[in-house]
Amino acid sequence: MKKTGETPQFSQPATFMRAPLVGLDDIKPGMTVISGAPHSMRDRFGERYGPRGIRDSSMPIADKLRNAAEQGVVDLSTGKTLLPPSETRLVDVGDFNMYPADVMKTTEGIAGGVAEVVGRGGFSVCLGGDHYVGYPSCLGYTRALREAQPNAKVGYIHIDGHLDFADGYGPYGKYMNGTNARRISELDAIVPSSMVFIGIQGPCYLDQVEDIRRLGGTIFTSEDIEEMGPEAVARRAGELAMKGCDYIYMSFDIDVIDAGFSEGTGSVTMGAMTPRTLFKLLGPLSEIPIGSMDLVETSPPLDPTSRTPRMAAEALLKLIAPKIFDIH
Ligand SMILES: [Mn+2]
């Protein structure tokens, strides 16, 4: 983002979009704050390398923008020009404390870190890690929010190939990457009837579908997106998630994209959304009042082409562009 001198993309420590690496005390209200939660417990493994991989894959994008910074870049589909602002609105605080053999301690590491970011007025973007990370990230967000506004209500948007609404999962128990949305539904600030699931693909566990419907939540499958169009789904999801709520928390699992495009993820989906459709969905979603978010399940070791972390970086940039660029 900032001009960092003449360095090629493989040079210098990787931060997201070459954002300055800062401490928590440097966060100013309105900043977009990238953090990492390199946690993974099962499946094909490797999601713990997600934060590092996404940061790495964002470097060539940052350099492309840096080289164009004088005049900015233009999005020909919208006619809008993106210009990096004179003072950066994007920072990277590195990774939160992880305890690979103690999931509850890791939970507090992430929740405590996100609460610090949000408490200082930052828009928190926590990079996973497997999808369990979504729960502690949302826990930290609602904790800090409720400290400032004790009655704040939060809706939830879950972009994912899967529902992740199990109460427990075999030997992994209640705190793993299949129970995260359920744990979020139990938080005081969350309004379960304002939980919206987008991009669900393939067979789902019947009890999870029934539980979500019983609570009043909404599910848009990848087929719904094809039929209704991604823009319409995004707008409807924004309305549903804001119903009776002040803000939205967003949890974004990269496995919402078809495995043909991004195989580097723990639980692949076949016949799912294309990147083009996803980007059309993210445009309108970038304009709704999301309070904080996570981006999870990127597993760089499973993708020798690095397409998956690159996809994650580009998708995230699409979502946060209105916050970090001057748009004309
Ligand atoms: Mn998931």
# chains A, B, ... in the order shown; residues from 1 in each chain; ligands from 1

call {"tool": "residues_near_ligand", "arguments": {"ligand": "ligand 1", "cutoff": "9 Å", "atoms": "only C-alpha atoms and all ligand atoms", "output": "ChimeraX atom specification"}}
result
/A:130-132,134,158-164,177-181,251-256,267,296-297

call {"tool": "write_last_selection", "arguments": {"atoms": "N, CA and C atoms", "output": "compact mmCIF listing (two decimals), in the first residue's frame"}}
result
# COMPACT_ATOMS: atom_id res chain seq x y z
N ASP A 130 -8.02 -22.68 10.60
CA ASP A 130 -9.23 -23.38 10.17
C ASP A 130 -10.45 -22.59 10.66
N HIS A 131 -11.65 -23.10 10.32
CA HIS A 131 -12.83 -22.27 10.55
C HIS A 131 -13.19 -22.14 12.02
N TYR A 132 -12.57 -22.91 12.88
CA TYR A 132 -12.82 -22.70 14.31
C TYR A 132 -12.52 -21.25 14.68
N GLY A 134 -13.21 -18.59 13.46
CA GLY A 134 -14.38 -17.69 13.37
C GLY A 134 -15.05 -17.46 14.71
N HIS A 158 -22.33 -15.86 7.00
CA HIS A 158 -21.42 -17.01 6.94
C HIS A 158 -21.28 -17.39 5.47
N ILE A 159 -20.12 -17.09 4.88
CA ILE A 159 -19.87 -17.47 3.49
C ILE A 159 -19.03 -18.73 3.52
N ASP A 160 -19.59 -19.83 3.01
CA ASP A 160 -18.94 -21.12 3.26
C ASP A 160 -19.63 -22.19 2.40
N GLY A 161 -18.89 -23.25 2.06
CA GLY A 161 -19.53 -24.40 1.44
C GLY A 161 -20.30 -25.24 2.44
N HIS A 162 -20.05 -25.01 3.72
CA HIS A 162 -20.63 -25.85 4.79
C HIS A 162 -21.29 -24.99 5.86
N LEU A 163 -22.18 -25.61 6.62
CA LEU A 163 -22.93 -24.87 7.63
C LEU A 163 -22.14 -24.67 8.93
N ASP A 164 -21.30 -25.62 9.29
CA ASP A 164 -20.51 -25.53 10.54
C ASP A 164 -21.39 -25.29 11.76
N ASN A 177 -13.55 -26.90 13.95
CA ASN A 177 -14.04 -26.25 12.74
C ASN A 177 -15.22 -26.96 12.09
N GLY A 178 -16.29 -27.09 12.84
CA GLY A 178 -17.53 -27.68 12.36
C GLY A 178 -18.62 -27.25 13.33
N THR A 179 -18.18 -26.62 14.42
CA THR A 179 -19.12 -26.16 15.45
C THR A 179 -19.10 -24.63 15.58
N ASN A 180 -18.24 -23.97 14.79
CA ASN A 180 -17.99 -22.54 14.99
C ASN A 180 -19.25 -21.68 14.86
N ALA A 181 -20.09 -21.95 13.86
CA ALA A 181 -21.29 -21.11 13.68
C ALA A 181 -22.29 -21.37 14.82
N SER A 251 -18.10 -14.16 8.59
CA SER A 251 -17.14 -15.25 8.61
C SER A 251 -17.04 -15.82 7.20
N PHE A 252 -15.85 -15.88 6.66
CA PHE A 252 -15.66 -16.16 5.23
C PHE A 252 -14.69 -17.33 5.06
N ASP A 253 -15.24 -18.45 4.58
CA ASP A 253 -14.46 -19.68 4.39
C ASP A 253 -14.16 -19.82 2.90
N ILE A 254 -12.89 -19.91 2.55
CA ILE A 254 -12.49 -19.94 1.13
C ILE A 254 -13.02 -21.19 0.43
N ASP A 255 -13.44 -22.22 1.18
CA ASP A 255 -13.95 -23.42 0.51
C ASP A 255 -15.35 -23.23 -0.07
N VAL A 256 -15.85 -22.01 -0.04
CA VAL A 256 -17.10 -21.70 -0.75
C VAL A 256 -16.86 -21.75 -2.26
N SER A 267 -11.43 -28.83 3.45
CA SER A 267 -12.64 -29.59 3.14
C SER A 267 -13.19 -29.12 1.80
N VAL A 296 -10.95 -17.68 6.49
CA VAL A 296 -10.39 -18.93 7.03
C VAL A 296 -10.27 -20.06 6.00
N GLU A 297 -9.59 -21.11 6.42
CA GLU A 297 -9.49 -22.41 5.72
C GLU A 297 -8.58 -22.42 4.51

call {"tool": "select_by_dssp", "arguments": {"residues": "segment 22-196 of chain A", "states": "helix (DSSP H, G or I)", "output": "ChimeraX atom specification"}}
result
/A:24-26,47-67,103-119,131-148,170-172,180-185

call {"tool": "closest_atom_pairs", "arguments": {"of": "segment 217-302 of chain A", "to": "segment 138-155 of chain A", "cutoff": "7 Å", "atoms": "only C-alpha atoms", "output": "tab-separated table"}}
result
residue	atom	partner	partner_atom	distance
A:Ala241	CA	A:Gly155	CA	4.6
A:Met242	CA	A:Gly155	CA	5.8
A:Cys245	CA	A:Lys153	CA	4.7
A:Asp246	CA	A:Lys153	CA	5.4
A:Tyr247	CA	A:Val154	CA	5.0
A:Ile248	CA	A:Gly155	CA	4.6
A:Tyr249	CA	A:Gly155	CA	6.3
A:Ser292	CA	A:Tyr141	CA	6.8

call {"tool": "closest_atom_pairs", "arguments": {"of": "segment 176-209 of chain A", "to": "segment 269-275 of chain A", "cutoff": "12 Å", "atoms": "only C-alpha atoms", "output": "JSON lines"}}
result
{"residue": "A:Ile198", "atom": "CA", "partner": "A:Met273", "partner_atom": "CA", "distance": 10.5}
{"residue": "A:Gly199", "atom": "CA", "partner": "A:Met273", "partner_atom": "CA", "distance": 7.2}
{"residue": "A:Ile200", "atom": "CA", "partner": "A:Ala272", "partner_atom": "CA", "distance": 8.3}
{"residue": "A:Gln201", "atom": "CA", "partner": "A:Ala272", "partner_atom": "CA", "distance": 6.2}
{"residue": "A:Gly202", "atom": "CA", "partner": "A:Thr269", "partner_atom": "CA", "distance": 7.8}
{"residue": "A:Pro203", "atom": "CA", "partner": "A:Thr269", "partner_atom": "CA", "distance": 10.6}

call {"tool": "write_last_selection", "arguments": {"atoms": "C-alpha atoms", "output": "compact mmCIF listing (two decimals), in the first residue's frame"}}
result
# COMPACT_ATOMS: atom_id res chain seq x y z
CA ILE A 198 -24.32 -18.14 1.79
CA GLY A 199 -22.85 -20.62 -0.71
CA ILE A 200 -23.75 -23.87 1.05
CA GLN A 201 -22.93 -26.78 -1.23
CA GLY A 202 -23.84 -30.45 -1.44
CA PRO A 203 -25.47 -32.66 1.20

call {"tool": "residues_around", "arguments": {"residues": "Arg236 of chain A", "least_positions_apart": "5", "cutoff": "12 Å", "atoms": "only C-alpha atoms", "output": "list in words"}}
result
Ile157, Ser194, Val196, Phe197, Ile198, Thr218, Ile219, Phe220, Asp224, Ile225, Met228, Gly229, Pro230, Glu231, Ala241, Met242, Lys243, Leu281, Pro284, Leu285 and Ile288 of chain A

call {"tool": "residues_around", "arguments": {"residues": "segment 47-50 of chain A", "least_positions_apart": "3", "cutoff": "8 Å", "atoms": "only C-alpha atoms", "output": "number ranges by chain"}}
result
A: 37-40, 53-54, 127-130, 265-266, 296-301, 309

call {"tool": "atom_distance", "arguments": {"atom1": "atom CA of Asp25 of chain A", "atom2": "atom CA of Gly94 of chain A"}}
result
13.2 Å

call {"tool": "atom_distance", "arguments": {"atom1": "atom CA of Arg182 of chain A", "atom2": "atom CA of Gly46 of chain A"}}
result
23.6 Å

call {"tool": "select_by_dssp", "arguments": {"residues": "segment 18-81 of chain A", "states": "strand (DSSP E)", "output": "PyMOL selection string"}}
result
chain A and resi 32-37+73-75+80-81

call {"tool": "closest_residue", "arguments": {"among": "A:Met311, A:Ala259, A:Ile110, A:Leu21", "to": "Asp294 of chain A", "atoms": "only C-alpha atoms"}}
result
A:Ile110

call {"tool": "atom_distance", "arguments": {"atom1": "atom CA of Thr88 of chain A", "atom2": "atom CA of Ala19 of chain A"}}
result
7.8 Å

call {"tool": "residues_around", "arguments": {"residues": "segment 72-87 of chain A", "least_positions_apart": "4", "cutoff": "6 Å", "atoms": "only C-alpha atoms", "output": "ChimeraX atom specification"}}
result
/A:68,325-328

call {"tool": "closest_residue", "arguments": {"among": "A:Glu227, A:Glu70, A:Glu263, A:Asp188", "to": "Ser306 of chain A", "atoms": "only C-alpha atoms"}}
result
A:Glu263
